[in-house]
$ cat work15.csv   # CSV, C-alpha atoms
chain,number,residue,atom,x,y,z
W,1,MET,CA,110.0,35.9,-44.9
W,2,THR,CA,107.1,35.5,-47.4
W,3,VAL,CA,107.0,36.8,-50.9
W,4,GLU,CA,104.1,39.0,-49.9
W,5,ALA,CA,106.1,40.6,-47.1
W,6,ALA,CA,109.2,41.1,-49.2
W,7,GLY,CA,107.4,43.0,-52.1
W,8,GLU,CA,107.9,43.0,-55.8
W,9,SER,CA,111.0,45.3,-55.9
W,10,ALA,CA,112.8,43.1,-53.5
W,11,LEU,CA,112.0,40.0,-55.6
W,12,VAL,CA,113.4,41.7,-58.7
W,13,GLY,CA,116.5,42.6,-56.8
W,14,LEU,CA,116.8,39.0,-55.6
W,15,ILE,CA,116.6,37.7,-59.2
W,16,ARG,CA,119.2,40.2,-60.4
W,17,ARG,CA,121.5,39.2,-57.6
W,18,VAL,CA,121.2,35.5,-58.3
W,19,GLN,CA,121.6,36.0,-62.0
W,20,GLY,CA,124.8,38.0,-61.6
W,21,GLU,CA,126.7,39.5,-64.6
W,22,SER,CA,125.3,38.8,-68.1
W,23,GLY,CA,127.4,37.7,-71.1
W,24,PRO,CA,129.0,40.0,-73.5
W,25,THR,CA,126.1,39.9,-76.1
W,26,VAL,CA,123.7,41.3,-73.5
W,27,ILE,CA,123.7,45.1,-73.7
W,28,LYS,CA,121.0,45.6,-71.1
W,29,GLY,CA,119.5,42.8,-69.0
W,30,ILE,CA,117.2,42.8,-66.0
W,31,GLY,CA,116.0,46.2,-64.7
W,32,ASP,CA,114.6,48.1,-67.7
W,33,ASP,CA,111.4,47.9,-69.6
W,34,ALA,CA,113.0,45.6,-72.1
W,35,ALA,CA,116.2,43.7,-72.5
W,36,VAL,CA,118.7,44.7,-75.2
W,37,TYR,CA,121.0,42.1,-76.8
W,38,ALA,CA,123.2,42.0,-79.9
W,39,PRO,CA,121.4,40.1,-82.7
W,40,PRO,CA,123.1,36.9,-83.8
W,41,GLU,CA,124.1,35.9,-87.3
W,42,GLY,CA,121.7,33.5,-89.0
W,43,VAL,CA,118.0,33.5,-88.0
W,44,SER,CA,116.5,33.9,-84.5
W,45,LEU,CA,114.5,31.2,-82.7
W,46,ALA,CA,112.0,31.7,-79.9
W,47,SER,CA,110.0,29.2,-77.8
W,48,ALA,CA,108.0,29.4,-74.6
W,49,ASP,CA,106.8,26.8,-72.1
W,50,MET,CA,105.0,26.9,-68.7
W,51,LEU,CA,105.4,24.7,-65.6
W,52,ILE,CA,102.2,24.9,-63.5
W,53,GLU,CA,101.9,23.7,-59.9
W,54,GLY,CA,99.6,20.7,-59.8
W,55,VAL,CA,99.9,20.0,-63.5
W,56,HIS,CA,103.7,19.8,-64.2
W,57,PHE,CA,105.1,19.5,-60.7
W,58,ASP,CA,104.1,18.9,-57.1
W,59,PRO,CA,106.0,21.0,-54.5
W,60,ALA,CA,105.8,18.0,-52.1
W,61,THR,CA,108.0,15.9,-54.4
W,62,THR,CA,110.1,18.6,-56.2
W,63,THR,CA,112.7,20.8,-54.5
W,64,PRO,CA,112.8,24.5,-55.5
W,65,PHE,CA,116.2,24.0,-57.0
W,66,GLN,CA,115.1,21.0,-59.1
W,67,LEU,CA,112.1,23.0,-60.3
W,68,GLY,CA,114.2,26.0,-61.4
W,69,TYR,CA,116.7,23.8,-63.2
W,70,LYS,CA,114.0,21.9,-65.1
W,71,CYS,CA,112.2,25.2,-66.1
W,72,VAL,CA,115.3,26.1,-68.0
W,73,THR,CA,116.5,22.8,-69.5
W,74,VAL,CA,113.1,21.8,-71.0
W,75,ASN,CA,113.0,25.1,-72.9
W,76,LEU,CA,116.6,24.8,-74.1
W,77,SER,CA,115.6,21.4,-75.6
W,78,ASP,CA,113.1,23.1,-77.9
W,79,ILE,CA,115.8,25.3,-79.4
W,80,ARG,CA,118.1,22.2,-79.8
W,81,ALA,CA,115.2,20.4,-81.6
W,82,MET,CA,115.5,23.1,-84.3
W,83,ALA,CA,119.3,22.6,-84.5
W,84,GLY,CA,119.7,26.0,-82.8
W,85,VAL,CA,121.8,27.4,-80.0
W,86,PRO,CA,120.0,28.8,-77.0
W,87,ARG,CA,121.2,32.2,-75.9
W,88,TYR,CA,118.8,34.0,-73.6
W,89,ILE,CA,115.7,33.4,-71.5
W,90,LEU,CA,112.9,35.5,-70.1
W,91,VAL,CA,111.2,34.3,-66.9
W,92,SER,CA,107.7,35.2,-65.9
W,93,SER,CA,106.4,33.9,-62.6
W,94,ALA,CA,102.9,34.0,-61.0
W,95,ILE,CA,103.8,33.5,-57.3
W,96,PRO,CA,101.6,32.8,-54.3
W,97,GLY,CA,101.9,35.6,-51.7
W,98,GLY,CA,102.6,33.1,-48.9
W,99,MET,CA,105.6,31.5,-50.6
W,100,ASP,CA,108.8,31.7,-48.7
W,101,VAL,CA,111.4,34.0,-50.2
W,102,ALA,CA,114.1,31.4,-49.6
W,103,ASP,CA,112.2,28.9,-51.8
W,104,LEU,CA,111.9,31.5,-54.6
W,105,GLU,CA,115.7,32.2,-54.3
W,106,GLU,CA,116.4,28.4,-54.6
W,107,ILE,CA,114.2,28.3,-57.8
W,108,PHE,CA,116.3,31.0,-59.4
W,109,THR,CA,119.5,29.4,-58.1
W,110,GLY,CA,118.4,26.3,-60.0
W,111,MET,CA,117.7,28.4,-63.1
W,112,LYS,CA,121.1,30.0,-62.8
W,113,ALA,CA,122.9,26.7,-62.5
W,114,ALA,CA,121.3,25.4,-65.7
W,115,CYS,CA,122.0,28.7,-67.5
W,116,SER,CA,125.6,28.7,-66.4
W,117,LYS,CA,126.0,25.1,-67.6
W,118,TYR,CA,124.7,25.8,-71.1
W,119,GLY,CA,125.9,29.4,-71.6
W,120,VAL,CA,122.5,31.1,-71.4
W,121,ASP,CA,121.6,34.5,-69.8
W,122,ILE,CA,118.4,35.4,-68.0
W,123,ILE,CA,117.7,38.8,-69.4
W,124,GLY,CA,114.3,39.7,-68.0
W,125,GLY,CA,110.7,38.7,-67.4
W,126,ASP,CA,107.9,39.5,-65.1
W,127,THR,CA,106.5,38.7,-61.6
W,128,CYS,CA,103.0,38.9,-60.4
W,129,ARG,CA,100.8,37.5,-57.6
W,130,SER,CA,99.0,34.2,-58.0
W,131,PRO,CA,95.9,33.4,-56.0
W,132,HIS,CA,96.2,29.7,-56.3
W,133,GLY,CA,99.6,28.1,-57.0
W,134,LEU,CA,103.0,28.7,-58.6
W,135,THR,CA,103.3,29.1,-62.4
W,136,ILE,CA,106.6,29.7,-64.2
W,137,SER,CA,106.7,30.6,-67.8
W,138,VAL,CA,110.0,30.6,-69.6
W,139,THR,CA,110.7,32.1,-73.1
W,140,VAL,CA,114.0,31.0,-74.7
W,141,ILE,CA,115.6,32.9,-77.5
W,142,GLY,CA,118.3,31.3,-79.7
W,143,ASP,CA,119.7,31.3,-83.2
W,144,ALA,CA,120.5,28.9,-86.0
W,145,HIS,CA,122.3,29.1,-89.3
W,146,ALA,CA,120.0,26.4,-90.8
W,147,PRO,CA,117.0,25.5,-88.7
W,148,VAL,CA,115.6,22.0,-88.9
W,149,TYR,CA,111.8,21.8,-89.0
W,150,ARG,CA,109.4,18.9,-88.3
W,151,SER,CA,108.2,19.2,-91.9
W,152,GLY,CA,111.4,18.0,-93.7
W,153,ALA,CA,111.1,14.2,-93.5
W,154,ARG,CA,110.8,12.4,-96.9
W,155,PRO,CA,109.9,8.8,-97.8
W,156,GLY,CA,113.2,6.8,-97.8
W,157,ASP,CA,114.8,8.8,-94.9
W,158,ALA,CA,116.1,6.8,-91.9
W,159,LEU,CA,114.7,7.6,-88.4
W,160,PHE,CA,117.2,8.2,-85.6
W,161,LEU,CA,116.9,8.6,-81.8
W,162,SER,CA,119.6,10.3,-79.7
W,163,GLY,CA,119.3,8.2,-76.6
W,164,PRO,CA,117.1,6.0,-74.4
W,165,THR,CA,113.6,6.9,-73.6
W,166,GLY,CA,111.2,5.9,-70.8
W,167,ASP,CA,113.5,6.9,-67.9
W,168,SER,CA,111.6,10.0,-67.0
W,169,ALA,CA,108.3,8.1,-66.9
W,170,LEU,CA,110.0,5.5,-64.7
W,171,GLY,CA,111.3,8.3,-62.4
W,172,LEU,CA,107.8,9.8,-62.2
W,173,GLU,CA,106.4,6.4,-61.1
W,174,ILE,CA,109.1,6.1,-58.4
W,175,LEU,CA,108.4,9.7,-57.3
W,176,LYS,CA,104.6,9.0,-57.0
W,177,ARG,CA,105.3,5.9,-54.8
W,178,VAL,CA,107.7,7.7,-52.5
W,179,GLY,CA,105.7,10.9,-52.3
W,180,LYS,CA,108.4,13.2,-50.9
W,181,ARG,CA,111.3,15.4,-52.0
W,182,MET,CA,114.5,13.6,-52.7
W,183,ASN,CA,118.2,14.4,-52.5
W,184,LEU,CA,119.4,12.8,-55.8
W,185,ASP,CA,123.1,13.0,-54.6
W,186,CYS,CA,122.4,10.5,-51.8
W,187,PRO,CA,120.7,7.5,-53.3
W,188,GLU,CA,120.9,5.6,-50.0
W,189,SER,CA,118.6,8.1,-48.4
W,190,LEU,CA,115.8,8.2,-51.0
W,191,GLY,CA,113.4,6.1,-49.0
W,192,LEU,CA,112.5,3.9,-52.0
W,193,PRO,CA,109.9,1.1,-52.0
W,194,PRO,CA,111.2,-2.2,-50.7
W,195,GLU,CA,111.1,-3.9,-54.1
W,196,ILE,CA,113.7,-1.5,-55.5
W,197,SER,CA,115.8,-0.8,-52.4
W,198,GLY,CA,119.4,-1.8,-52.0
W,199,SER,CA,122.6,-0.1,-52.9
W,200,GLU,CA,122.7,-1.0,-56.6
W,201,LEU,CA,119.0,-0.5,-57.3
W,202,SER,CA,119.1,2.8,-55.4
W,203,ILE,CA,121.7,4.2,-57.7
W,204,GLU,CA,119.7,3.1,-60.7
W,205,ALA,CA,116.6,4.7,-59.2
W,206,ALA,CA,118.4,8.0,-58.6
W,207,ARG,CA,119.4,8.0,-62.3
W,208,ALA,CA,115.8,7.6,-63.3
W,209,LEU,CA,114.6,10.3,-60.9
W,210,ARG,CA,117.2,12.7,-62.2
W,211,ARG,CA,116.0,12.2,-65.7
W,212,HIS,CA,112.6,13.3,-64.5
W,213,LEU,CA,113.4,16.0,-62.0
W,214,MET,CA,116.4,17.5,-63.7
W,215,PRO,CA,116.4,16.6,-67.4
W,216,GLU,CA,119.2,17.7,-69.7
W,217,PRO,CA,118.9,18.9,-73.3
W,218,VAL,CA,120.8,17.0,-76.0
W,219,MET,CA,123.6,19.3,-77.1
W,220,ARG,CA,125.1,17.0,-79.8
W,221,ASP,CA,124.7,18.3,-83.3
W,222,PHE,CA,123.2,16.0,-86.0
W,223,HIS,CA,124.2,17.7,-89.2
W,224,GLY,CA,122.2,16.4,-92.2
W,225,ALA,CA,119.0,15.9,-90.3
W,226,THR,CA,116.0,16.6,-92.5
W,227,ALA,CA,113.4,16.8,-89.7
W,228,MET,CA,113.6,16.9,-85.9
W,229,ILE,CA,111.6,17.0,-82.7
W,230,ASP,CA,112.3,16.5,-79.0
W,231,ILE,CA,110.6,13.9,-77.0
W,232,SER,CA,108.5,15.8,-74.5
W,233,ASP,CA,105.2,13.9,-74.7
W,234,GLY,CA,106.3,10.4,-75.7
W,235,LEU,CA,108.2,8.8,-78.5
W,236,LEU,CA,105.3,7.6,-80.5
W,237,LEU,CA,103.1,10.7,-80.0
W,238,ASP,CA,106.0,13.1,-80.9
W,239,LEU,CA,106.9,10.9,-83.9
W,240,SER,CA,103.2,11.2,-85.1
W,241,ARG,CA,103.6,15.0,-84.9
W,242,LEU,CA,106.7,14.9,-87.0
W,243,CYS,CA,105.0,12.7,-89.5
W,244,ALA,CA,101.9,14.8,-89.7
W,245,GLU,CA,104.0,18.0,-90.4
W,246,SER,CA,106.0,16.2,-93.1
W,247,GLY,CA,102.9,14.4,-94.6
W,248,VAL,CA,104.6,11.0,-94.2
W,249,GLY,CA,104.4,7.8,-92.1
W,250,ALA,CA,107.1,5.8,-90.3
W,251,VAL,CA,108.1,2.2,-89.6
W,252,VAL,CA,109.6,1.7,-86.2
W,253,ASN,CA,111.8,-1.3,-85.4
W,254,MET,CA,110.8,-1.9,-81.8
W,255,GLU,CA,113.9,-4.0,-81.1
W,256,SER,CA,116.1,-1.0,-81.9
W,257,ILE,CA,114.6,1.2,-79.2
W,258,ARG,CA,117.3,1.7,-76.6
W,259,LEU,CA,116.3,0.8,-73.0
W,260,SER,CA,118.6,2.1,-70.2
W,261,PRO,CA,119.9,-0.3,-67.6
W,262,GLN,CA,117.8,1.4,-64.9
W,263,LEU,CA,114.6,1.0,-67.0
W,264,ASN,CA,115.4,-2.7,-67.7
W,265,LYS,CA,116.1,-3.4,-64.1
W,266,LEU,CA,113.5,-1.4,-62.2
W,267,ALA,CA,110.4,-1.4,-64.4
W,268,PRO,CA,109.6,-5.2,-64.0
W,269,LEU,CA,110.2,-4.9,-60.2
W,270,LEU,CA,107.5,-2.1,-60.1
W,271,GLY,CA,105.1,-4.1,-62.3
W,272,LEU,CA,105.7,-1.8,-65.3
W,273,ASP,CA,106.4,-2.7,-68.9
W,274,ALA,CA,109.8,-1.1,-69.9
W,275,LEU,CA,109.0,-0.9,-73.7
W,276,THR,CA,105.6,0.8,-73.0
W,277,LEU,CA,107.3,3.4,-70.9
W,278,ALA,CA,110.0,3.9,-73.6
W,279,LEU,CA,107.3,4.4,-76.3
W,280,SER,CA,104.7,6.5,-74.5
W,281,GLY,CA,106.4,8.0,-71.5
W,282,GLY,CA,107.2,11.7,-71.8
W,283,GLU,CA,109.8,14.3,-70.7
W,284,ASP,CA,112.9,12.4,-71.9
W,285,TYR,CA,113.9,15.4,-74.1
W,286,GLU,CA,115.9,13.1,-76.4
W,287,LEU,CA,116.0,14.2,-80.1
W,288,LEU,CA,114.1,12.2,-82.7
W,289,PHE,CA,115.1,13.0,-86.3
W,290,ALA,CA,115.0,11.9,-89.9
W,291,ALA,CA,118.0,11.9,-92.2
W,292,PRO,CA,119.1,10.4,-95.5
W,293,ALA,CA,119.1,6.6,-95.6
W,294,ASP,CA,122.9,6.4,-95.9
W,295,ALA,CA,123.5,8.7,-92.9
W,296,GLU,CA,125.3,7.6,-89.8
W,297,PHE,CA,125.6,9.6,-86.5
W,298,ASN,CA,127.7,9.2,-83.4
W,299,GLY,CA,125.4,9.4,-80.4
W,300,ALA,CA,122.2,8.3,-82.2
W,301,VAL,CA,120.6,5.0,-83.0
W,302,ARG,CA,118.7,4.2,-86.2
W,303,ILE,CA,115.2,3.0,-85.1
W,304,GLY,CA,113.3,2.9,-88.3
W,305,ARG,CA,112.5,4.7,-91.6
W,306,ILE,CA,110.1,7.2,-93.1
W,307,VAL,CA,107.5,5.9,-95.5
W,308,GLU,CA,104.9,7.4,-97.8
W,309,LYS,CA,101.9,5.7,-96.2
W,310,PRO,CA,100.5,7.8,-93.3
W,311,GLY,CA,100.6,6.3,-89.8
W,312,ILE,CA,103.2,4.6,-87.6
W,313,PHE,CA,103.8,0.9,-88.2
W,314,SER,CA,105.8,-1.9,-86.5
W,315,ASP,CA,106.3,-4.0,-89.7
W,316,ASP,CA,108.0,-3.4,-93.0
W,317,GLU,CA,104.8,-4.1,-94.9
W,318,CYS,CA,103.0,-1.2,-93.1
W,319,ARG,CA,100.2,-3.4,-92.0
W,320,GLN,CA,100.5,-3.3,-88.2
W,321,MET,CA,99.6,0.2,-87.2
W,322,VAL,CA,100.8,1.4,-83.8
W,323,GLN,CA,98.7,3.8,-81.7
W,324,PRO,CA,100.7,7.0,-80.9
W,325,ALA,CA,100.1,7.0,-77.2
W,326,GLY,CA,101.7,9.7,-75.0
W,327,TYR,CA,100.9,12.7,-72.8
W,328,ASP,CA,98.0,15.0,-73.9
W,329,HIS,CA,97.1,17.9,-71.6
W,330,PHE,CA,93.5,17.8,-72.6
W,331,ALA,CA,92.9,14.1,-73.1

$ encode --input "work15.csv" --output "structure tokens"
Amino acid sequence: MTVEAAGESALVGLIRRVQGESGPTVIKGIGDDAAVYAPPEGVSLASADMLIEGVHFDPATTTPFQLGYKCVTVNLSDIRAMAGVPRYILVSSAIPGGMDVADLEEIFTGMKAACSKYGVDIIGGDTCRSPHGLTISVTVIGDAHAPVYRSGARPGDALFLSGPTGDSALGLEILKRVGKRMNLDCPESLGLPPEISGSELSIEAARALRRHLMPEPVMRDFHGATAMIDISDGLLLDLSRLCAESGVGAVVNMESIRLSPQLNKLAPLLGLDALTLALSGGEDYELLFAAPADAEFNGAVRIGRIVEKPGIFSDDECRQMVQPAGYDHFA
């Protein structure tokens, strides 16, 4: 059955059924003119993001479940980048009338899986008809006792990164070459290009594909961070945004950038430069943050330092400026 044949009321009923019971802080969830929830202690955080067919995803290479899962997790990452705890999401969808109801149910099943994993409730949203393609907009609401802003970095701070970058960009490159939907739980059936086929390489490719298709927010806390941002558009580009908000520059030790085993193994086989992907590839959703020079963190690697001189540099004398390449919607 198509979405058009089912009708809006049936779709809302489907979403309520998939979502199930809300958590104890939700007083009134889906079904009324507005959701009602118990306000948290501290301050509230809110962020919104859209995934647009043809811009952020291709239905030919992304399953509905993967799309729903990603819609949630990329938004949770924004709250984590503020040192916050995500609590609730609102989902608004512009849906083509000819879309199959089963696919829409799978999208919300993916959302529910991500919400259940991270203790988040879907508490409302909106649905309308789209004349062209699918668009999903997610608003996430969270809270924090002491939010960390992009603007808090100071000269002398150290620069830390929570994990390896470049894997999502590698996954996207593999996805483009295969050109079809993939079951990430069965690496042997992915239909990979011959240069990266084989049991061991298939497993590595599945890891890179998962980083792109089903990214996970970083849930570790980095107490003492002075400024923070998540890596959505590329390490260097997002670092330049943090520096701009703080009115500082940064020196990056390129040898300290962590490259995952899959990136090191697969990028050269595909004719790609691993470090370039790590520096400018987007959608890794790792956390990049500044902290006092004497700070140490489990689960984060020191990759440089904050300096007074504006710009991003690859040498201690701040002479070799690095261009902050990354993803720009309007470039």

$ closest_residue --input "work15.csv" --among "W:Ile123, W:Val12, W:Ala208, W:Ala35" --to "Leu263 of chain W" --atoms "all atoms listed in the file"
W:Ala208

$ residues_near_point --input "work15.csv" --point "(125.4, 28.5, -69.8)" --cutoff "12 Å" --atoms "all atoms listed in the file" --output "list in words"
Gln19, Ser22, Gly23, Tyr69, Val72, Thr73, Leu76, Val85, Pro86, Arg87, Tyr88, Ile89, Met111, Lys112, Ala113, Ala114, Cys115, Ser116, Lys117, Tyr118, Gly119, Val120, Asp121, Ile122 and Met219 of chain W

$ closest_residue --input "work15.csv" --among "W:Asp126, W:Glu283, W:Glu255, W:Asp157" --to "Glu308 of chain W" --atoms "all atoms listed in the file"
W:Asp157

$ closest_residue --input "work15.csv" --among "W:Asp316, W:Asp273, W:Glu200, W:Asp238" --to "Gly166 of chain W" --atoms "only C-alpha atoms"
W:Asp273

$ residues_around --input "work15.csv" --residues "Gly271 of chain W" --least-positions-apart "4" --cutoff "12 Å" --atoms "all atoms listed in the file" --output "ChimeraX atom specification"
/W:170,173-174,195-196,263-267,276-277

$ atom_distance --input "work15.csv" --atom1 "atom CA of Leu184 of chain W" --atom2 "atom CA of Ser260 of chain W"
18.0 Å

$ residues_around --input "work15.csv" --residues "Glu296 of chain W" --least-positions-apart "5" --cutoff "10 Å" --atoms "all atoms listed in the file" --output "number ranges by chain"
W: 158, 160, 222, 224, 291, 301-302

$ atom_distance --input "work15.csv" --atom1 "atom CA of Thr127 of chain W" --atom2 "atom CA of Glu21 of chain W"
20.4 Å

$ atom_distance --input "work15.csv" --atom1 "atom CA of Gly234 of chain W" --atom2 "atom CA of Leu287 of chain W"
11.3 Å

$ residues_around --input "work15.csv" --residues "segment 93-101 of chain W" --least-positions-apart "4" --cutoff "9 Å" --atoms "all atoms listed in the file" --output "PyMOL selection string"
chain W and resi 1-6+11+105-106+125-138

$ residues_near_point --input "work15.csv" --point "(107.6, 13.6, -50.4)" --cutoff "7 Å" --atoms "all atoms listed in the file" --output "ChimeraX atom specification"
/W:60-61,178-181

$ write_last_selection --input "work15.csv" --atoms "C-alpha atoms" --output "compact mmCIF listing (two decimals), in the coordinates of the input"
# COMPACT_ATOMS: atom_id res chain seq x y z
CA ALA W 60 105.80 18.00 -52.10
CA THR W 61 108.00 15.90 -54.40
CA VAL W 178 107.70 7.70 -52.50
CA GLY W 179 105.70 10.90 -52.30
CA LYS W 180 108.40 13.20 -50.90
CA ARG W 181 111.30 15.40 -52.00

$ closest_residue --input "work15.csv" --among "W:Asp284, W:Asp167, W:Val148, W:Pro187" --to "Leu272 of chain W" --atoms "only C-alpha atoms"
W:Asp167

$ closest_residue --input "work15.csv" --among "W:Arg16, W:Glu53, W:Phe313, W:Tyr285" --to "Asn75 of chain W" --atoms "all atoms listed in the file"
W:Tyr285

$ closest_residue --input "work15.csv" --among "W:Ile52, W:Ile15, W:Leu161, W:Val252" --to "Val91 of chain W" --atoms "all atoms listed in the file"
W:Ile15
